[in-house]
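> Got a structure for you, questions after.
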Amino acid sequence: MNQHLVVATAFMGIFAGSAWAQSATYKIDPNHTRTIWEAKHFGTSTSRGQWEKTDGEITLDKAAKTGKADIVLDMNSIHTGVAPFNNHMKSPDFFDTANHPTARFVGDKFKFEGDKVTEVAGNLTIRGKTQPAVLKATAFNCFDHPSLKREVCGGDFETVVKRSQFDINWGLANRATADDIKVTIQVEAIKQ
């Protein structure tokens with residue numbers, strides 16, 4: 001084989017591989033992203049609420065099966081449907097939003113099944129305390145948005161947070177609110 005042909009073939013292979021393996025950045029779409037929590041109240045009904053303001057970005061490399069998520073919650077945007085309950089959740093008994101106005105998840109260990117993300121592991125920071133967290137996907141998909149003319153990826157991710165690990169201990173002694181809190185992140189992000 002001609003030496004120039006060998007070099008050209010190798011160069012094309014490297015170029016094609018690097019083009020395919022490039023990562024893409026996706027900005028969180030605040031109109032299609034919510035973080036919802038659920039907690040048992042005295043072991044009876046389930047209290048629910050959500051944070052209505054979420055920001056951040058996600059980097060995906062589908063070919064290399066890698067990624068990074070950096071998601072920030074505005075803790076003052078908590079909404080339960082009951083104003084006094086919202087205020088209690090913002091107080092030092094729970095999230096102490098005057099001193100800790102945001103919570104943050106940074107994940108850099110992505111698991112894929114084909115092109116679909118199935119899990120993201122990383123660290124969750126609430127009230128200045130950081131603990132490991134794993135978000136498991138119950139749904140994930142990417143599509144070409146007809147109006148935006150850009151790719152959008154997103155899904156539903158779930159985890160269970162033990163609130164005592166973040167020094168949120170109000171109501172634990174009398175079981176007013178459970179320690180294990182189910183968190184669901186409904187997220188969509190737009191390719192930049």
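Labeling convention for the structure tokens: chains A, B, ... as they appear, residues from 1 per chain, ligands from 1 in order of appearance.
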Which residues, written as number ranges by chain, have at least one atom at most 8 Å from stretch 56-70 of chain A, with only C-alpha atoms counted and residues fewer than 4 positions away on the same chain left out?

A: 20-28, 104-112, 115, 189

> Could you list, as a VMD selection string, every residue within 7 Å of stretch 71-80 of chain A, counting only C-alpha atoms and ignoring same-chain residues fewer than 2 positions away?

chain A and resid 48 to 57 69 82 85 to 86 90 97 101 to 106

> Could those residues be written to a file, using N, CA, C and O atoms, as a PDB file, in the first residue's frame?


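Printed below is out-v9.pdb as written:
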ATOM      1  N   ARG A  48     -46.050  16.977  49.321  1.00  0.00           N
ATOM      2  CA  ARG A  48     -45.306  17.178  48.075  1.00  0.00           C
ATOM      3  C   ARG A  48     -45.042  18.659  47.858  1.00  0.00           C
ATOM      4  O   ARG A  48     -45.805  19.510  48.304  1.00  0.00           O
ATOM      5  N   GLY A  49     -43.980  18.916  47.152  1.00  0.00           N
ATOM      6  CA  GLY A  49     -43.647  20.278  46.773  1.00  0.00           C
ATOM      7  C   GLY A  49     -42.647  20.246  45.635  1.00  0.00           C
ATOM      8  O   GLY A  49     -42.211  19.176  45.206  1.00  0.00           O
ATOM      9  N   GLN A  50     -42.314  21.424  45.153  1.00  0.00           N
ATOM     10  CA  GLN A  50     -41.342  21.498  44.068  1.00  0.00           C
ATOM     11  C   GLN A  50     -40.571  22.802  44.143  1.00  0.00           C
ATOM     12  O   GLN A  50     -41.008  23.765  44.771  1.00  0.00           O
ATOM     13  N   TRP A  51     -39.409  22.781  43.522  1.00  0.00           N
ATOM     14  CA  TRP A  51     -38.659  24.016  43.307  1.00  0.00           C
ATOM     15  C   TRP A  51     -38.929  24.423  41.876  1.00  0.00           C
ATOM     16  O   TRP A  51     -38.755  23.644  40.946  1.00  0.00           O
ATOM     17  N   GLU A  52     -39.376  25.654  41.686  1.00  0.00           N
ATOM     18  CA  GLU A  52     -39.832  26.094  40.375  1.00  0.00           C
ATOM     19  C   GLU A  52     -38.741  26.750  39.542  1.00  0.00           C
ATOM     20  O   GLU A  52     -38.957  27.022  38.369  1.00  0.00           O
ATOM     21  N   LYS A  53     -37.560  27.007  40.146  1.00  0.00           N
ATOM     22  CA  LYS A  53     -36.477  27.632  39.381  1.00  0.00           C
ATOM     23  C   LYS A  53     -35.230  26.761  39.456  1.00  0.00           C
ATOM     24  O   LYS A  53     -34.694  26.517  40.536  1.00  0.00           O
ATOM     25  N   THR A  54     -34.812  26.301  38.288  1.00  0.00           N
ATOM     26  CA  THR A  54     -33.637  25.452  38.165  1.00  0.00           C
ATOM     27  C   THR A  54     -32.781  25.999  37.038  1.00  0.00           C
ATOM     28  O   THR A  54     -33.300  26.428  36.010  1.00  0.00           O
ATOM     29  N   ASP A  55     -31.465  25.987  37.233  1.00  0.00           N
ATOM     30  CA  ASP A  55     -30.537  26.474  36.220  1.00  0.00           C
ATOM     31  C   ASP A  55     -29.388  25.476  36.103  1.00  0.00           C
ATOM     32  O   ASP A  55     -29.190  24.647  36.988  1.00  0.00           O
ATOM     33  N   GLY A  56     -28.641  25.578  35.027  1.00  0.00           N
ATOM     34  CA  GLY A  56     -27.459  24.738  34.891  1.00  0.00           C
ATOM     35  C   GLY A  56     -27.261  24.247  33.482  1.00  0.00           C
ATOM     36  O   GLY A  56     -27.955  24.670  32.548  1.00  0.00           O
ATOM     37  N   GLU A  57     -26.271  23.365  33.342  1.00  0.00           N
ATOM     38  CA  GLU A  57     -26.000  22.794  32.032  1.00  0.00           C
ATOM     39  C   GLU A  57     -25.495  21.366  32.153  1.00  0.00           C
ATOM     40  O   GLU A  57     -25.030  20.945  33.220  1.00  0.00           O
ATOM     41  N   ALA A  69     -23.061  16.913  34.633  1.00  0.00           N
ATOM     42  CA  ALA A  69     -24.259  17.698  34.930  1.00  0.00           C
ATOM     43  C   ALA A  69     -23.921  18.662  36.050  1.00  0.00           C
ATOM     44  O   ALA A  69     -23.272  18.285  37.025  1.00  0.00           O
ATOM     45  N   VAL A  82     -49.178  25.884  49.714  1.00  0.00           N
ATOM     46  CA  VAL A  82     -49.640  26.470  50.976  1.00  0.00           C
ATOM     47  C   VAL A  82     -48.567  27.463  51.437  1.00  0.00           C
ATOM     48  O   VAL A  82     -47.457  27.059  51.800  1.00  0.00           O
ATOM     49  N   PHE A  85     -46.626  26.890  54.698  1.00  0.00           N
ATOM     50  CA  PHE A  85     -45.742  25.723  54.557  1.00  0.00           C
ATOM     51  C   PHE A  85     -44.494  26.112  53.759  1.00  0.00           C
ATOM     52  O   PHE A  85     -43.376  25.718  54.108  1.00  0.00           O
ATOM     53  N   ASN A  86     -44.675  26.895  52.685  1.00  0.00           N
ATOM     54  CA  ASN A  86     -43.516  27.388  51.921  1.00  0.00           C
ATOM     55  C   ASN A  86     -42.551  28.118  52.844  1.00  0.00           C
ATOM     56  O   ASN A  86     -41.334  27.891  52.799  1.00  0.00           O
ATOM     57  N   LYS A  90     -38.586  27.273  54.042  1.00  0.00           N
ATOM     58  CA  LYS A  90     -37.468  28.201  53.833  1.00  0.00           C
ATOM     59  C   LYS A  90     -36.740  28.544  55.134  1.00  0.00           C
ATOM     60  O   LYS A  90     -35.621  29.053  55.099  1.00  0.00           O
ATOM     61  N   THR A  97     -32.998  29.149  53.792  1.00  0.00           N
ATOM     62  CA  THR A  97     -32.675  29.789  52.511  1.00  0.00           C
ATOM     63  C   THR A  97     -32.021  31.157  52.654  1.00  0.00           C
ATOM     64  O   THR A  97     -31.350  31.614  51.725  1.00  0.00           O
ATOM     65  N   PRO A 101     -29.187  29.924  49.859  1.00  0.00           N
ATOM     66  CA  PRO A 101     -30.236  30.174  48.862  1.00  0.00           C
ATOM     67  C   PRO A 101     -30.259  29.186  47.692  1.00  0.00           C
ATOM     68  O   PRO A 101     -31.236  29.149  46.949  1.00  0.00           O
ATOM     69  N   THR A 102     -29.207  28.374  47.547  1.00  0.00           N
ATOM     70  CA  THR A 102     -29.192  27.414  46.438  1.00  0.00           C
ATOM     71  C   THR A 102     -28.782  26.036  46.941  1.00  0.00           C
ATOM     72  O   THR A 102     -28.151  25.882  47.974  1.00  0.00           O
ATOM     73  N   ALA A 103     -29.160  25.040  46.177  1.00  0.00           N
ATOM     74  CA  ALA A 103     -28.669  23.676  46.327  1.00  0.00           C
ATOM     75  C   ALA A 103     -28.069  23.310  44.982  1.00  0.00           C
ATOM     76  O   ALA A 103     -28.445  23.886  43.942  1.00  0.00           O
ATOM     77  N   ARG A 104     -27.136  22.360  44.982  1.00  0.00           N
ATOM     78  CA  ARG A 104     -26.435  22.065  43.721  1.00  0.00           C
ATOM     79  C   ARG A 104     -26.124  20.581  43.607  1.00  0.00           C
ATOM     80  O   ARG A 104     -25.701  19.948  44.575  1.00  0.00           O
ATOM     81  N   PHE A 105     -26.360  20.047  42.402  1.00  0.00           N
ATOM     82  CA  PHE A 105     -25.948  18.681  42.071  1.00  0.00           C
ATOM     83  C   PHE A 105     -24.915  18.760  40.966  1.00  0.00           C
ATOM     84  O   PHE A 105     -25.158  19.365  39.921  1.00  0.00           O
ATOM     85  N   VAL A 106     -23.758  18.135  41.210  1.00  0.00           N
ATOM     86  CA  VAL A 106     -22.719  18.036  40.189  1.00  0.00           C
ATOM     87  C   VAL A 106     -22.444  16.556  39.980  1.00  0.00           C
ATOM     88  O   VAL A 106     -22.000  15.862  40.900  1.00  0.00           O
TER      89      VAL A 106
END

> I need the residues of stretch 75-122 of chain A that end up classed as strand (DSSP E) by DSSP on the backbone, written out as a VMD selection string.

chain A and resid 78 to 79 102 to 113 116 to 122

> Considering only C-alpha atoms, can you say which of A:Lys182, A:Lys149, A:Arg163, A:Lys191 comes closest to A:Leu135?

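Under the stated criterion, the closest residue is A:Lys182.
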
> Please compute the atom CA of A:Gln131-atom CA of A:Thr118 distance, one decimal, in Å.

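Between atom CA of A:Gln131 and atom CA of A:Thr118 the gap works out to 20.5 Å.
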
> Work out how far apart atom CA of A:Thr130 and atom CA of A:Lys40 are and give it in Å to one decimal.

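Interatomic distance here is 23.6 Å.
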
> Please provide as a list in words all residues within 10 Å of A:Phe42, with the sequence filter that same-chain residues fewer than 2 positions apart are discarded (counting only C-alpha atoms).

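That gives Ala39, Lys40, Thr44, Ser45, Thr46, Gly171, Leu172, Asn174, Arg175, Ala176, Thr177 and Ala178 of chain A.
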
> Identify, on the basis of only C-alpha atoms, every residue whose closest approach to A:Thr159 does not exceed 10 Å; exclude the query and any residue fewer than 6 positions from it along the same chain; express the result as a ChimeraX atom specification.

/A:37,133-137,180-185

> Report as a PyMOL selection string: the residues of stretch 14-191 of chain A with a DSSP assignment of helix (DSSP H, G or I), based on the backbone of this structure.

chain A and resi 14-20+30-32+75-77+83-90+163-166
